[in-house]
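One file, query-v8.txt, carrying compact mmCIF, C-alpha atoms and all ligand atoms:
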# COMPACT_ATOMS: atom_id res chain seq x y z
CA MET A 1368 3.67 -33.95 -101.80
CA ALA A 1369 2.26 -31.90 -104.70
CA THR A 1370 -0.98 -30.21 -103.75
CA ILE A 1371 -3.61 -28.11 -105.50
CA PHE A 1372 -4.08 -25.96 -102.38
CA LYS A 1373 -2.28 -22.60 -102.31
CA PRO A 1374 -0.06 -22.04 -99.23
CA ASP A 1375 -1.98 -20.33 -96.42
CA CYS A 1376 -5.29 -20.90 -98.21
CA MET A 1377 -7.05 -20.83 -94.82
CA ALA A 1378 -5.38 -17.62 -93.57
CA ASP A 1379 -7.80 -15.35 -91.69
CA ARG A 1380 -10.33 -18.16 -91.32
CA SER A 1381 -11.74 -19.16 -87.93
CA VAL A 1382 -12.50 -22.84 -87.54
CA PHE A 1383 -14.22 -24.83 -84.78
CA LEU A 1384 -13.44 -28.54 -84.75
CA ALA A 1385 -15.39 -30.94 -82.51
CA GLY A 1386 -13.63 -34.21 -81.69
CA ALA A 1387 -10.30 -33.07 -83.11
CA THR A 1388 -7.82 -34.35 -80.53
CA SER A 1389 -7.00 -37.68 -82.16
CA GLY A 1390 -7.19 -39.68 -85.36
CA ILE A 1391 -8.80 -38.34 -88.51
CA ASN A 1392 -10.04 -35.10 -86.96
CA LEU A 1393 -6.65 -34.28 -85.40
CA GLY A 1394 -5.28 -34.62 -88.95
CA ILE A 1395 -7.89 -32.07 -90.04
CA ALA A 1396 -6.87 -29.69 -87.23
CA GLU A 1397 -3.20 -29.98 -88.20
CA ARG A 1398 -3.97 -29.36 -91.88
CA PHE A 1399 -6.07 -26.24 -91.19
CA ALA A 1400 -3.41 -24.86 -88.82
CA GLU A 1401 -0.73 -25.57 -91.45
CA GLU A 1402 -2.76 -23.52 -93.96
CA GLY A 1403 -3.01 -20.53 -91.62
CA ALA A 1404 -6.43 -20.92 -89.94
CA ARG A 1405 -7.20 -20.00 -86.34
CA VAL A 1406 -8.15 -23.41 -84.93
CA PHE A 1407 -10.39 -24.06 -81.89
CA VAL A 1408 -10.67 -27.71 -80.82
CA ILE A 1409 -12.95 -29.51 -78.37
CA SER A 1410 -13.12 -33.04 -76.98
CA ARG A 1411 -13.97 -34.56 -73.59
CA ASP A 1412 -10.44 -35.03 -72.28
CA ALA A 1413 -8.81 -31.77 -71.10
CA GLU A 1414 -5.31 -33.26 -71.38
CA LYS A 1415 -5.88 -34.29 -75.00
CA VAL A 1416 -7.21 -30.80 -75.75
CA ALA A 1417 -4.18 -29.15 -74.12
CA ARG A 1418 -1.77 -31.47 -75.96
CA THR A 1419 -3.47 -30.75 -79.29
CA VAL A 1420 -3.40 -26.98 -78.75
CA ASP A 1421 0.30 -27.17 -77.78
CA THR A 1422 1.13 -29.27 -80.86
CA LEU A 1423 -0.70 -26.92 -83.21
CA LYS A 1424 1.00 -23.89 -81.67
CA ALA A 1425 4.44 -25.55 -81.69
CA SER A 1426 4.18 -25.99 -85.44
CA GLY A 1427 3.38 -22.30 -85.84
CA GLY A 1428 -0.42 -22.40 -85.87
CA GLN A 1429 -2.91 -20.28 -83.95
CA ALA A 1430 -4.90 -22.54 -81.65
CA ALA A 1431 -7.12 -22.72 -78.59
CA GLY A 1432 -9.59 -25.20 -77.17
CA THR A 1433 -11.62 -26.44 -74.27
CA ALA A 1434 -12.81 -29.73 -72.82
CA CYS A 1435 -16.41 -30.32 -73.80
CA ASP A 1436 -18.75 -33.27 -74.37
CA VAL A 1437 -20.80 -32.86 -77.56
CA ARG A 1438 -23.74 -34.52 -75.77
CA ASP A 1439 -24.02 -31.48 -73.46
CA TYR A 1440 -25.72 -28.73 -75.48
CA ASP A 1441 -25.00 -25.94 -72.99
CA ALA A 1442 -21.31 -26.85 -72.87
CA VAL A 1443 -21.11 -26.89 -76.67
CA ASP A 1444 -22.93 -23.55 -76.79
CA ALA A 1445 -20.37 -22.03 -74.40
CA ALA A 1446 -17.43 -23.51 -76.32
CA VAL A 1447 -18.60 -22.15 -79.67
CA LYS A 1448 -19.15 -18.71 -78.13
CA ASP A 1449 -15.64 -18.85 -76.63
CA ALA A 1450 -14.20 -19.71 -80.06
CA ALA A 1451 -16.05 -16.87 -81.79
CA ASP A 1452 -15.06 -14.40 -79.05
CA GLN A 1453 -11.38 -15.33 -79.44
CA PHE A 1454 -11.18 -15.87 -83.20
CA GLY A 1455 -14.13 -14.05 -84.77
CA PRO A 1456 -17.12 -15.36 -86.78
CA LEU A 1457 -16.70 -19.01 -87.68
CA ASP A 1458 -15.84 -19.81 -91.31
CA PHE A 1459 -15.69 -23.58 -90.89
CA VAL A 1460 -17.24 -25.97 -88.36
CA LEU A 1461 -16.49 -29.69 -88.08
CA ALA A 1462 -18.77 -32.15 -86.28
CA GLY A 1463 -16.43 -35.11 -86.06
CA ALA A 1464 -16.85 -36.60 -82.57
CA ALA A 1465 -18.05 -40.20 -82.59
CA GLY A 1466 -18.21 -43.33 -80.49
CA ASN A 1467 -18.04 -46.88 -81.76
CA PHE A 1468 -17.75 -50.37 -80.38
CA PRO A 1469 -18.57 -53.58 -82.18
CA ALA A 1470 -21.62 -55.24 -80.60
CA ALA A 1471 -24.68 -57.07 -81.83
CA ALA A 1472 -27.95 -55.27 -81.09
CA ILE A 1473 -28.97 -58.08 -78.76
CA ASP A 1474 -25.70 -57.82 -76.80
CA MET A 1475 -25.95 -54.13 -75.95
CA SER A 1476 -28.20 -52.29 -73.54
CA ALA A 1477 -30.54 -49.51 -74.56
CA ASN A 1478 -28.01 -47.17 -72.96
CA GLY A 1479 -25.23 -48.59 -75.16
CA PHE A 1480 -27.29 -47.92 -78.31
CA ARG A 1481 -28.34 -44.47 -77.05
CA THR A 1482 -24.76 -43.50 -76.19
CA VAL A 1483 -23.62 -43.80 -79.80
CA VAL A 1484 -26.73 -42.04 -81.14
CA ASP A 1485 -26.17 -39.26 -78.58
CA ILE A 1486 -22.52 -38.70 -79.51
CA ASP A 1487 -22.80 -39.11 -83.29
CA LEU A 1488 -26.24 -37.74 -84.16
CA MET A 1489 -27.19 -35.49 -81.25
CA GLY A 1490 -23.56 -34.33 -81.05
CA THR A 1491 -23.64 -33.27 -84.70
CA TYR A 1492 -26.95 -31.47 -84.18
CA ASN A 1493 -25.63 -29.77 -81.02
CA VAL A 1494 -22.42 -28.56 -82.69
CA PHE A 1495 -24.18 -27.24 -85.79
CA ARG A 1496 -27.16 -25.73 -83.92
CA ALA A 1497 -24.99 -24.01 -81.31
CA SER A 1498 -22.59 -22.66 -83.93
CA HIS A 1499 -25.37 -21.09 -86.04
CA PRO A 1500 -25.45 -17.66 -84.30
CA HIS A 1501 -21.65 -17.41 -84.61
CA LEU A 1502 -21.26 -18.37 -88.28
CA ARG A 1503 -19.97 -16.02 -90.93
CA LYS A 1504 -23.04 -15.38 -93.07
CA PRO A 1505 -22.80 -15.65 -95.98
CA GLY A 1506 -19.81 -17.91 -96.45
CA ALA A 1507 -19.61 -20.43 -93.60
CA SER A 1508 -19.03 -24.10 -94.39
CA LEU A 1509 -20.12 -26.90 -92.04
CA VAL A 1510 -18.89 -30.48 -92.38
CA ALA A 1511 -20.04 -33.59 -90.50
CA ILE A 1512 -17.90 -36.72 -90.53
CA THR A 1513 -20.16 -39.60 -91.42
CA ALA A 1514 -19.26 -43.20 -92.38
CA PRO A 1515 -20.14 -45.97 -94.85
CA GLN A 1516 -22.39 -47.35 -92.07
CA ALA A 1517 -24.83 -44.53 -92.93
CA GLU A 1518 -25.68 -46.25 -96.19
CA ARG A 1519 -24.65 -49.87 -95.84
CA PRO A 1520 -25.88 -52.20 -93.10
CA TYR A 1521 -23.15 -54.00 -91.14
CA VAL A 1522 -23.46 -56.65 -88.43
CA MET A 1523 -22.35 -55.48 -84.95
CA GLN A 1524 -22.93 -51.87 -86.05
CA SER A 1525 -26.70 -51.24 -85.75
CA HIS A 1526 -26.14 -48.31 -83.37
CA VAL A 1527 -23.51 -46.67 -85.62
CA CYS A 1528 -25.51 -47.34 -88.82
CA ALA A 1529 -28.63 -45.75 -87.32
CA ALA A 1530 -26.71 -42.77 -85.92
CA LYS A 1531 -24.70 -42.02 -89.07
CA ALA A 1532 -27.76 -42.44 -91.33
CA GLY A 1533 -29.33 -39.72 -89.19
CA VAL A 1534 -26.23 -37.55 -89.65
CA ASN A 1535 -26.52 -37.80 -93.46
CA MET A 1536 -30.16 -36.72 -93.43
CA LEU A 1537 -29.52 -33.96 -90.86
CA VAL A 1538 -26.84 -32.50 -93.14
CA LYS A 1539 -29.24 -32.42 -96.08
CA CYS A 1540 -32.05 -30.80 -94.04
CA LEU A 1541 -29.73 -28.10 -92.63
CA ALA A 1542 -28.35 -27.46 -96.13
CA LEU A 1543 -31.91 -26.61 -97.20
CA GLU A 1544 -32.74 -24.53 -94.11
CA TRP A 1545 -29.48 -22.56 -93.92
CA GLY A 1546 -28.70 -22.30 -97.65
CA PRO A 1547 -30.65 -19.03 -98.02
CA GLU A 1548 -28.26 -17.46 -95.47
CA GLY A 1549 -25.24 -18.53 -97.51
CA VAL A 1550 -24.28 -21.34 -95.12
CA ARG A 1551 -23.23 -24.62 -96.75
CA VAL A 1552 -23.65 -27.95 -94.95
CA ASN A 1553 -21.97 -31.13 -96.20
CA ALA A 1554 -20.62 -34.43 -94.93
CA ILE A 1555 -17.48 -36.40 -95.67
CA SER A 1556 -17.72 -40.18 -95.57
CA PRO A 1557 -14.25 -41.64 -94.94
CA GLY A 1558 -13.38 -45.21 -95.76
CA PRO A 1559 -11.13 -47.24 -93.45
CA ILE A 1560 -8.32 -44.93 -92.35
CA GLU A 1561 -4.96 -46.36 -91.27
CA GLY A 1562 -3.76 -46.05 -87.67
CA THR A 1563 -7.05 -44.76 -86.24
CA GLU A 1564 -9.09 -45.72 -83.20
CA GLY A 1565 -11.96 -46.68 -85.49
CA MET A 1566 -9.80 -49.22 -87.33
CA LYS A 1567 -8.35 -50.53 -84.06
CA ARG A 1568 -11.87 -51.23 -82.82
CA LEU A 1569 -13.36 -52.70 -86.00
CA ALA A 1570 -10.28 -54.45 -87.43
CA PRO A 1571 -7.91 -55.15 -84.50
CA THR A 1572 -5.79 -57.89 -86.16
CA PRO A 1573 -3.73 -58.02 -89.40
CA GLU A 1574 -6.19 -60.64 -90.72
CA ALA A 1575 -9.17 -58.37 -90.02
CA GLU A 1576 -7.37 -55.44 -91.66
CA ALA A 1577 -6.68 -57.55 -94.76
CA ALA A 1578 -10.38 -58.48 -94.91
CA VAL A 1579 -11.31 -54.80 -94.73
CA LYS A 1580 -8.91 -53.96 -97.57
CA ALA A 1581 -10.36 -56.76 -99.71
CA ASN A 1582 -13.73 -54.97 -99.60
CA VAL A 1583 -12.28 -51.61 -100.72
CA ALA A 1584 -12.32 -51.06 -104.50
CA LEU A 1585 -8.83 -49.50 -104.35
CA ARG A 1586 -7.61 -52.33 -102.03
CA ALA A 1587 -5.92 -49.82 -99.71
CA LEU A 1588 -6.52 -47.90 -96.50
CA GLY A 1589 -6.78 -44.12 -96.52
CA ALA A 1590 -4.80 -41.59 -94.45
CA PRO A 1591 -6.08 -38.73 -92.26
CA ARG A 1592 -4.66 -36.27 -94.80
CA ASP A 1593 -7.05 -37.60 -97.46
CA ILE A 1594 -9.97 -36.50 -95.29
CA ALA A 1595 -8.27 -33.23 -94.28
CA ASP A 1596 -7.83 -32.27 -97.94
CA GLY A 1597 -11.54 -32.94 -98.52
CA CYS A 1598 -12.30 -30.54 -95.65
CA LEU A 1599 -10.02 -27.89 -97.15
CA TYR A 1600 -11.92 -28.22 -100.43
CA LEU A 1601 -15.33 -27.94 -98.74
CA ALA A 1602 -14.13 -25.00 -96.63
CA GLY A 1603 -12.73 -23.17 -99.65
CA ASP A 1604 -14.26 -20.85 -102.21
CA GLU A 1605 -13.89 -23.61 -104.85
CA ALA A 1606 -16.83 -25.36 -103.14
CA ARG A 1607 -19.01 -22.24 -102.94
CA TYR A 1608 -21.82 -23.99 -104.89
CA VAL A 1609 -21.59 -27.31 -103.02
CA THR A 1610 -24.11 -28.04 -100.29
CA GLY A 1611 -26.14 -31.02 -99.04
CA THR A 1612 -23.52 -33.38 -100.42
CA ILE A 1613 -21.96 -36.52 -99.02
CA LEU A 1614 -18.34 -36.48 -100.24
CA TYR A 1615 -17.02 -40.05 -100.29
CA ILE A 1616 -13.29 -40.25 -99.59
CA ASP A 1617 -13.36 -43.95 -99.08
CA GLY A 1618 -11.47 -45.86 -101.77
CA GLY A 1619 -14.87 -47.00 -103.03
CA VAL A 1620 -15.87 -48.96 -99.92
CA VAL A 1621 -19.44 -47.63 -99.97
CA LEU A 1622 -19.91 -49.43 -103.30
CA GLY A 1623 -19.65 -52.82 -101.59
CA ASN A 1624 -17.61 -55.67 -103.07
CA GLY A 1625 -19.78 -55.95 -106.17
CA ARG A 1626 -19.98 -59.75 -106.10
CA PHE A 1627 -23.14 -61.84 -106.64
P1 LIG A 1701 -10.96 -41.12 -82.65
O1 LIG A 1701 -9.49 -41.01 -82.82
O2 LIG A 1701 -11.50 -41.93 -81.53
O3 LIG A 1701 -11.53 -39.64 -82.60
C1 LIG A 1701 -12.71 -39.30 -81.91
C2 LIG A 1701 -12.54 -37.89 -81.39
O4 LIG A 1701 -13.78 -37.45 -80.85
C3 LIG A 1701 -11.50 -37.77 -80.29
O5 LIG A 1701 -10.89 -36.50 -80.37
C4 LIG A 1701 -12.35 -37.87 -79.01
O6 LIG A 1701 -11.65 -37.22 -77.94
C5 LIG A 1701 -13.60 -37.12 -79.47
N1 LIG A 1701 -14.83 -37.50 -78.78
C6 LIG A 1701 -15.35 -38.75 -78.58
N2 LIG A 1701 -16.50 -38.67 -77.91
C7 LIG A 1701 -16.73 -37.35 -77.68
C8 LIG A 1701 -17.76 -36.62 -77.04
N3 LIG A 1701 -18.81 -37.24 -76.48
N4 LIG A 1701 -17.68 -35.25 -76.98
C9 LIG A 1701 -16.62 -34.61 -77.54
N5 LIG A 1701 -15.61 -35.25 -78.16
C10 LIG A 1701 -15.67 -36.59 -78.23
O7 LIG A 1701 -11.69 -41.68 -83.97
P2 LIG A 1701 -11.36 -41.83 -85.54
O8 LIG A 1701 -11.27 -43.27 -85.83
O9 LIG A 1701 -10.28 -40.92 -85.98
O10 LIG A 1701 -12.77 -41.32 -86.14
C11 LIG A 1701 -13.02 -39.95 -86.35
C12 LIG A 1701 -14.31 -39.77 -87.14
O11 LIG A 1701 -14.24 -40.45 -88.41
C13 LIG A 1701 -15.56 -40.30 -86.47
O12 LIG A 1701 -16.66 -39.46 -86.75
C14 LIG A 1701 -15.77 -41.66 -87.15
O13 LIG A 1701 -17.09 -42.10 -87.09
C15 LIG A 1701 -15.33 -41.32 -88.56
N6 LIG A 1701 -14.88 -42.46 -89.36
C16 LIG A 1701 -13.75 -43.12 -89.03
C17 LIG A 1701 -13.27 -44.14 -89.83
C18 LIG A 1701 -11.98 -44.82 -89.52
O14 LIG A 1701 -11.48 -45.63 -90.31
N7 LIG A 1701 -11.36 -44.53 -88.38
C19 LIG A 1701 -13.98 -44.51 -90.98
C20 LIG A 1701 -15.16 -43.84 -91.29
C21 LIG A 1701 -15.60 -42.80 -90.49
P3 LIG A 1701 -12.01 -37.46 -76.38
O15 LIG A 1701 -11.79 -38.91 -76.11
O16 LIG A 1701 -11.07 -36.54 -75.66
O17 LIG A 1701 -13.43 -37.03 -76.20
N1 LIG A 1702 -20.43 -53.73 -76.03
C1 LIG A 1702 -21.66 -53.49 -75.54
N2 LIG A 1702 -21.98 -52.35 -74.83
C2 LIG A 1702 -20.99 -51.45 -74.65
C3 LIG A 1702 -19.68 -51.64 -75.15
C4 LIG A 1702 -19.42 -52.84 -75.86
N3 LIG A 1702 -18.20 -53.09 -76.38
N4 LIG A 1702 -18.95 -50.56 -74.79
C5 LIG A 1702 -19.75 -49.71 -74.11
N5 LIG A 1702 -20.98 -50.26 -74.02
C6 LIG A 1702 -22.14 -49.72 -73.30
C7 LIG A 1702 -21.86 -49.65 -71.80
O1 LIG A 1702 -22.04 -50.94 -71.19
C8 LIG A 1702 -22.89 -48.63 -71.35
O2 LIG A 1702 -24.18 -49.20 -71.23
P1 LIG A 1702 -24.76 -49.59 -69.74
O3 LIG A 1702 -24.75 -48.32 -68.94
O4 LIG A 1702 -26.13 -50.11 -70.01
O5 LIG A 1702 -23.83 -50.63 -69.20
C9 LIG A 1702 -22.95 -47.68 -72.53
O6 LIG A 1702 -22.38 -48.37 -73.66
C10 LIG A 1702 -22.16 -46.42 -72.28
O7 LIG A 1702 -20.84 -46.80 -71.91
P2 LIG A 1702 -19.86 -45.77 -71.17
O8 LIG A 1702 -18.53 -46.42 -71.07
O9 LIG A 1702 -20.52 -45.27 -69.92
O10 LIG A 1702 -19.87 -44.56 -72.22
P3 LIG A 1702 -18.91 -43.33 -72.38
O11 LIG A 1702 -19.78 -42.18 -72.67
O12 LIG A 1702 -17.92 -43.23 -71.26
O13 LIG A 1702 -18.03 -43.74 -73.68
C11 LIG A 1702 -18.15 -45.02 -75.75
C12 LIG A 1702 -18.61 -43.80 -74.97
C13 LIG A 1702 -18.74 -46.28 -75.14
C14 LIG A 1702 -18.67 -44.87 -77.18
C15 LIG A 1702 -16.58 -45.17 -75.70
O14 LIG A 1702 -16.21 -46.29 -76.46
C16 LIG A 1702 -15.86 -43.95 -76.24
O15 LIG A 1702 -15.59 -43.02 -75.49
N6 LIG A 1702 -15.56 -43.88 -77.56
C17 LIG A 1702 -14.86 -42.74 -78.18
C18 LIG A 1702 -13.75 -43.18 -79.11
C19 LIG A 1702 -14.26 -44.01 -80.26
O16 LIG A 1702 -15.22 -44.77 -80.14
N7 LIG A 1702 -13.56 -43.87 -81.40
C20 LIG A 1702 -13.92 -44.53 -82.61
C21 LIG A 1702 -14.70 -43.62 -83.49
S1 LIG A 1702 -15.10 -44.45 -85.02

Please re-express this file's structure in structure tokens.
Ligand code: NAP
Ligand code: COA
Amino acid sequence: MATIFKPDCMADRSVFLAGATSGINLGIAERFAEEGARVFVISRDAEKVARTVDTLKASGGQAAGTACDVRDYDAVDAAVKDAADQFGPLDFVLAGAAGNFPAAAIDMSANGFRTVVDIDLMGTYNVFRASHPHLRKPGASLVAITAPQAERPYVMQSHVCAAKAGVNMLVKCLALEWGPEGVRVNAISPGPIEGTEGMKRLAPTPEAEAAVKANVALRALGAPRDIADGCLYLAGDEARYVTGTILYIDGGVVLGNGRF
């Protein structure tokens, strides 16, 4: 596929990717490794971490990782330090871990609601806050993975909508606070991405998937590579003046279906 990115455009960059052992974020890890970055991944499941590190190394990348729950600040703090010790000051940090299940507010417990807020919002705070002492300053780029739920209300998604709305505002606040140090903080808002856990949970049947597509302006699902390329852009020097932005890579889904 033709690409605007120069080969090895991430050479000599150290990246820390939270929640990058499956789906969209694994696609991001693979893309950064392909472009020469040193890639450190975390997620809860040690086997998934080991498999991801092996896969990245097998395709010629430099990779390491550790099992870590983004809800545990001390564990995240240790993981980020480990990454910086092995790979040097962090040029790019991804907060991509998330939890989702479809449930009406009345059908979930307070712990169910809190669990998603803890993973998505607190997890993003924990990853960004813990990484701060280890960032390359100036120059580091931080990206949170948000979702259309941050801006559009959906039934069965009150927990995710509340959590991701918090992520969008957190990104903008940190962009203001850390901008003077030359640290950029942005979010990418993916639309429905084919073959992912998120789609399996929210649109588990062909009929549900067709209904999702009908609400996307481009009438198509995206691919993990679409989001990975957005990360490469935000990590790169081309985005040196971009901060506090929500980059929509969503086929237009955040626009709604536009019908009266
Ligand atoms: P996924 O495959 O389930 O990926 C989630 C990743 O986060 C996995 O690596 C998972 O690994 C890790 N994770 C989950 N809970 C964690 C925790 N507490 N601590 C550390 N790691 C944790 O999901 P996906 O569908 O690709 O979604 C990825 C991101 O894109 C999410 O932020 C999601 O909100 C966003 N998004 C997805 C879509 C979509 O269509 N799929 C659309 C819009 C936005 P472990 O299980 O090993 O922890
Ligand atoms: N409906 C209502 N409540 C639910 C639920 C559902 N479908 N699934 C989980 N919950 C509730 C549980 O009942 C529990 O509440 P309780 O203690 O009051 O019973 C609470 O959520 C926590 O569940 P638990 O299974 O202990 O959480 P966990 O930390 O092991 O897992 C989840 C977190 C629930 C978000 C799990 O789905 C997960 O690990 N997701 C990661 C992958 C993912 O969601 N990918 C898509 C990203 S878009």

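Between atom CA of Glu1401 of chain A and atom CA of Cys1376 of chain A the interatomic distance comes to 9.4 Å.
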
Closest contacts (segment 1467-1527 of chain A/segment 1567-1582 of chain A, max 8 Å, all atoms listed in the file) as a tab-separated table:
residue	atom	partner	partner_atom	distance
A:Asn1467	CA	A:Arg1568	CA	7.6
A:Phe1468	CA	A:Arg1568	CA	6.4
A:Pro1469	CA	A:Leu1569	CA	6.5

Taking 2 positions as the minimum chain separation for residues in the same chain, which residues sit within 7 Å of segment 1424-1434 of chain A when counting all atoms listed in the file? Answer as a VMD selection string. chain A and resid 1400 to 1401 1403 to 1413 1416 1420 to 1422 1446

Using only the atoms of segment 1517-1520 of chain A listed in the file, plus 3 Å on each side, state the axis-aligned box centre and edge lengths in Å rounded to one decimal, as AutoDock Vina command-line options.
--center_x -25.3 --center_y -48.4 --center_z -94.6 --size_x 7.2 --size_y 13.7 --size_z 9.3

At a cut-off of 8 Å around ligand LIG 1702 (chain A), and using all atoms listed in the file, what residues come up? Please write them as number ranges by chain. A: 1464-1471, 1474-1483, 1486, 1563-1566, 1568

Atom pair atom CA of Gly1562 of chain A + atom CA of Asn1535 of chain A, distance 24.9 Å

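Between atom CA of Ala1462 of chain A and atom O11 of ligand LIG 1701 (chain A) lies a distance of 9.7 Å.
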
Using all atoms listed in the file, what residues lie at most 10 Å away from (-15.2, -18.1, -79.2) (file coordinates), given as number ranges by chain? A: 1381-1383, 1407, 1431-1432, 1444-1457, 1498, 1501
